[in-house]
Amino acid sequence: MSAKFATYIAVVGPSSATHRELRIAEEVGRLLAKRSAIVLCGGLGGIMEAVSRGATQAGGLALGFLPGVDRFEGNPYLTIALATGMGELRNAMLIRAADAVIAIGGSWGTMSEVSLAMRTGKPLVAVRPWRISGNLFHSNRRIRVVRSARQATDIASMASSAATRAAPSLPGHSRSDPVDVWRAYELAQKHYESDLQLFSTRMNLFLLVQSALVALTATLASQNVKEFDAKTVSAFGLLLASGWFVVAASSYVWIHTWRLQMIKLGLAAQEETGVSTSSAAFDRHTRRDLHIGSRAAKLPEVISWYVRPTLISCLLPLLFIAGWIYIGWLRL
């Protein structure tokens with residue numbers, strides 16, 4: 001890709017950073033290089049050196065805006081070192097040259113770059129930022145606070161791509177803010193996973209209770225207790241299995257509703273920005289092709305075995321219902 005049409009992402013952060021922040025910065029550089037983005041930084045040590053190392057080792061470009069007049073004061077991983085001789089004023093050049101900004105960690109110098117990004121309207125993503133003035137970062141909707149390097153690169157790439165795409169919007173068609181689309185995408189994912197977790201918990205509980213009732217019924221039958229007692233247990237099991245079926249069916253509907261919403265939002269983000277949605281919110285899951293109508297898109301999806309047991313679990317209560325009817329009224 002020509003440098004003229006590439007995405008320029010500025011990665012800012014302190015020279016003195018924690019080991020975790022340095023690892024995040026290096027991963028950010030590596031992921032940006034894989035997206036063919038050009039990494040901009042302050043050119044010195046700490047976060048700047050880590051992101052440069054990640055980018056160049058992945059075959060990307062790292063451009064450093066140095067505060068002094070000596071190009072050799074830059075870190076050894078820079079592809080291009082620009083000796084501005086402007087001191088801290090080089091922060092303004094760095095931010096102005098970027099399509100989006102990723103801030104990792106915090107320092108007073110980093111705060112100045114964050115302020116410049118806010119002032120100039122650059123898309124801004126923060127990873128492990130400072131918490132000051134009533135949690136400024138988390139309360140400001142223009143600053144996207146994330147936890148991982150992949151989330152940071154995904155959102156920064158989408159936001160910068162949307163800001164720099166040449167194709168104008170058609171009359172009557174309003175373009176969505178890619179960061180808002182991403183927020184909705186993550187919200188749908190959270191609902192999806194929480195519903196899956198809740199369904200799994202309920203399923204385990206129901207199976208435990210049903211198994212206990214089956215064991216109790218078998219015991220009553222083996223001890224030749226009165227028919228009324230066995231029927232009472234069977235009636236309770238039948239009632240519980242019927243309620244289980246209603247809960248399982250409604251949960252199945254909600255789970256697939258959120259799943260379709262995730263797919264819709266993923267396609268919207270891809271269409272708005274031209275950047276394929278990666279597995280930022282799904283690092284621990286696999287990917288597969290999803291076909292919607294005539295369109296096929298490579299989008300992240302929770303591992304497929306979650307869906308099949310959900311469908312089977314909707315039918316499992318029916319088996320228990322049939323079993324209780326047989327045990328309580330046909331067999332006994």
# chains A, B, ... in the order shown; residues from 1 in each chain; ligands from 1
call {"tool": "residues_around", "arguments": {"residues": "A:Thr7", "least_positions_apart": "4", "cutoff": "7 Å", "atoms": "only C-alpha atoms", "output": "count of residues only"}}
result
3
call {"tool": "residues_around", "arguments": {"residues": "stretch 40-48 of chain A", "least_positions_apart": "3", "cutoff": "6 Å", "atoms": "only C-alpha atoms", "output": "list in words"}}
result
Ile9, Ala10, Val11, Gly13, Pro14, Ser15, Ser16, Ala17, Leu22, Ala25, Val51, Ala62, Leu63, Gly64, Phe65, Leu66, Gly74 and Asn75 of chain A
call {"tool": "residues_around", "arguments": {"residues": "A:Ser36", "least_positions_apart": "3", "cutoff": "7 Å", "atoms": "only C-alpha atoms", "output": "list in words"}}
result
Leu32, Ala33 and Gly60 of chain A
call {"tool": "closest_residue", "arguments": {"among": "A:Ala58, A:Leu89, A:Leu318, A:Ile327", "to": "A:Ala218", "atoms": "only C-alpha atoms"}}
result
A:Ile327
call {"tool": "closest_residue", "arguments": {"among": "A:Arg71, A:Lys231, A:His191, A:Arg202", "to": "A:Trp258", "atoms": "only C-alpha atoms"}}
result
A:His191
call {"tool": "closest_residue", "arguments": {"among": "A:Gly323, A:Ala126, A:Gly243, A:Arg119", "to": "A:Thr217", "atoms": "only C-alpha atoms"}}
result
A:Gly323
call {"tool": "closest_residue", "arguments": {"among": "A:Ile102, A:Ile24, A:Ile95, A:Leu207", "to": "A:Thr120", "atoms": "only C-alpha atoms"}}
result
A:Ile95
call {"tool": "atom_distance", "arguments": {"atom1": "atom CA of A:Gly109", "atom2": "atom CA of A:Gly59"}}
result
28.3 Å
call {"tool": "residues_around", "arguments": {"residues": "A:Leu198", "least_positions_apart": "5", "cutoff": "9 Å", "atoms": "only C-alpha atoms", "output": "MDAnalysis selection string"}}
result
chainID A and resid 193 203 251
call {"tool": "write_last_selection", "arguments": {"atoms": "C-alpha atoms", "output": "PDB file, in the first residue's frame"}}
result
ATOM      1  CA  GLU A 193     -22.235 -14.343  26.684  1.00  0.00           C
ATOM      2  CA  MET A 203     -29.465 -26.148  32.738  1.00  0.00           C
ATOM      3  CA  SER A 251     -33.432 -18.312  26.576  1.00  0.00           C
TER       4      SER A 251
END
call {"tool": "decode", "arguments": {"residues": "stretch 244-270 of chain A", "atoms": "N, CA and C atoms", "output": "PDB file, in the first residue's frame"}}
result
ATOM      1  N   TRP A 244     -39.065 -25.842  32.912  1.00  0.00           N
ATOM      2  CA  TRP A 244     -37.728 -25.869  32.305  1.00  0.00           C
ATOM      3  C   TRP A 244     -37.820 -25.649  30.798  1.00  0.00           C
ATOM      4  N   PHE A 245     -38.806 -26.284  30.164  1.00  0.00           N
ATOM      5  CA  PHE A 245     -38.967 -26.135  28.715  1.00  0.00           C
ATOM      6  C   PHE A 245     -39.267 -24.684  28.346  1.00  0.00           C
ATOM      7  N   VAL A 246     -40.132 -24.020  29.120  1.00  0.00           N
ATOM      8  CA  VAL A 246     -40.467 -22.620  28.839  1.00  0.00           C
ATOM      9  C   VAL A 246     -39.234 -21.731  28.985  1.00  0.00           C
ATOM     10  N   VAL A 247     -38.478 -21.930  30.072  1.00  0.00           N
ATOM     11  CA  VAL A 247     -37.272 -21.128  30.298  1.00  0.00           C
ATOM     12  C   VAL A 247     -36.232 -21.384  29.213  1.00  0.00           C
ATOM     13  N   ALA A 248     -36.036 -22.656  28.852  1.00  0.00           N
ATOM     14  CA  ALA A 248     -35.039 -23.002  27.838  1.00  0.00           C
ATOM     15  C   ALA A 248     -35.399 -22.411  26.489  1.00  0.00           C
ATOM     16  N   ALA A 249     -36.680 -22.482  26.128  1.00  0.00           N
ATOM     17  CA  ALA A 249     -37.108 -21.948  24.832  1.00  0.00           C
ATOM     18  C   ALA A 249     -36.938 -20.437  24.767  1.00  0.00           C
ATOM     19  N   SER A 250     -37.324 -19.727  25.853  1.00  0.00           N
ATOM     20  CA  SER A 250     -37.170 -18.270  25.853  1.00  0.00           C
ATOM     21  C   SER A 250     -35.697 -17.873  25.840  1.00  0.00           C
ATOM     22  N   SER A 251     -34.867 -18.603  26.581  1.00  0.00           N
ATOM     23  CA  SER A 251     -33.432 -18.312  26.576  1.00  0.00           C
ATOM     24  C   SER A 251     -32.834 -18.546  25.196  1.00  0.00           C
ATOM     25  N   TYR A 252     -33.282 -19.599  24.534  1.00  0.00           N
ATOM     26  CA  TYR A 252     -32.791 -19.900  23.186  1.00  0.00           C
ATOM     27  C   TYR A 252     -33.099 -18.744  22.235  1.00  0.00           C
ATOM     28  N   VAL A 253     -34.318 -18.194  22.352  1.00  0.00           N
ATOM     29  CA  VAL A 253     -34.711 -17.067  21.493  1.00  0.00           C
ATOM     30  C   VAL A 253     -33.833 -15.852  21.764  1.00  0.00           C
ATOM     31  N   TRP A 254     -33.612 -15.539  23.058  1.00  0.00           N
ATOM     32  CA  TRP A 254     -32.799 -14.370  23.394  1.00  0.00           C
ATOM     33  C   TRP A 254     -31.351 -14.546  22.958  1.00  0.00           C
ATOM     34  N   ILE A 255     -30.807 -15.738  23.143  1.00  0.00           N
ATOM     35  CA  ILE A 255     -29.419 -15.995  22.752  1.00  0.00           C
ATOM     36  C   ILE A 255     -29.230 -15.767  21.263  1.00  0.00           C
ATOM     37  N   HIS A 256     -30.141 -16.265  20.460  1.00  0.00           N
ATOM     38  CA  HIS A 256     -30.003 -16.106  19.016  1.00  0.00           C
ATOM     39  C   HIS A 256     -30.348 -14.691  18.561  1.00  0.00           C
ATOM     40  N   THR A 257     -31.193 -13.991  19.333  1.00  0.00           N
ATOM     41  CA  THR A 257     -31.454 -12.585  19.021  1.00  0.00           C
ATOM     42  C   THR A 257     -30.179 -11.761  19.166  1.00  0.00           C
ATOM     43  N   TRP A 258     -29.455 -11.960  20.272  1.00  0.00           N
ATOM     44  CA  TRP A 258     -28.197 -11.240  20.475  1.00  0.00           C
ATOM     45  C   TRP A 258     -27.151 -11.676  19.461  1.00  0.00           C
ATOM     46  N   ARG A 259     -27.154 -12.942  19.082  1.00  0.00           N
ATOM     47  CA  ARG A 259     -26.195 -13.430  18.090  1.00  0.00           C
ATOM     48  C   ARG A 259     -26.403 -12.733  16.746  1.00  0.00           C
ATOM     49  N   LEU A 260     -27.656 -12.641  16.312  1.00  0.00           N
ATOM     50  CA  LEU A 260     -27.950 -11.959  15.050  1.00  0.00           C
ATOM     51  C   LEU A 260     -27.628 -10.472  15.138  1.00  0.00           C
ATOM     52  N   GLN A 261     -27.843  -9.876  16.330  1.00  0.00           N
ATOM     53  CA  GLN A 261     -27.505  -8.469  16.514  1.00  0.00           C
ATOM     54  C   GLN A 261     -26.001  -8.260  16.395  1.00  0.00           C
ATOM     55  N   MET A 262     -25.221  -9.180  16.940  1.00  0.00           N
ATOM     56  CA  MET A 262     -23.766  -9.095  16.819  1.00  0.00           C
ATOM     57  C   MET A 262     -23.336  -9.152  15.361  1.00  0.00           C
ATOM     58  N   ILE A 263     -23.934 -10.056  14.597  1.00  0.00           N
ATOM     59  CA  ILE A 263     -23.583 -10.181  13.183  1.00  0.00           C
ATOM     60  C   ILE A 263     -23.947  -8.905  12.434  1.00  0.00           C
ATOM     61  N   LYS A 264     -25.124  -8.369  12.715  1.00  0.00           N
ATOM     62  CA  LYS A 264     -25.583  -7.149  12.047  1.00  0.00           C
ATOM     63  C   LYS A 264     -24.647  -5.983  12.334  1.00  0.00           C
ATOM     64  N   LEU A 265     -24.264  -5.822  13.605  1.00  0.00           N
ATOM     65  CA  LEU A 265     -23.373  -4.721  13.975  1.00  0.00           C
ATOM     66  C   LEU A 265     -21.976  -4.928  13.409  1.00  0.00           C
ATOM     67  N   GLY A 266     -21.516  -6.176  13.359  1.00  0.00           N
ATOM     68  CA  GLY A 266     -20.213  -6.447  12.768  1.00  0.00           C
ATOM     69  C   GLY A 266     -20.171  -6.088  11.301  1.00  0.00           C
ATOM     70  N   LEU A 267     -21.227  -6.424  10.569  1.00  0.00           N
ATOM     71  CA  LEU A 267     -21.310  -6.061   9.157  1.00  0.00           C
ATOM     72  C   LEU A 267     -21.402  -4.549   8.983  1.00  0.00           C
ATOM     73  N   ALA A 268     -22.141  -3.884   9.901  1.00  0.00           N
ATOM     74  CA  ALA A 268     -22.261  -2.428   9.820  1.00  0.00           C
ATOM     75  C   ALA A 268     -20.910  -1.760  10.022  1.00  0.00           C
ATOM     76  N   ALA A 269     -20.140  -2.250  10.999  1.00  0.00           N
ATOM     77  CA  ALA A 269     -18.811  -1.689  11.237  1.00  0.00           C
ATOM     78  C   ALA A 269     -17.908  -1.906  10.037  1.00  0.00           C
ATOM     79  N   GLN A 270     -17.998  -3.086   9.451  1.00  0.00           N
ATOM     80  CA  GLN A 270     -17.169  -3.385   8.282  1.00  0.00           C
ATOM     81  C   GLN A 270     -17.557  -2.510   7.096  1.00  0.00           C
TER      82      GLN A 270
END
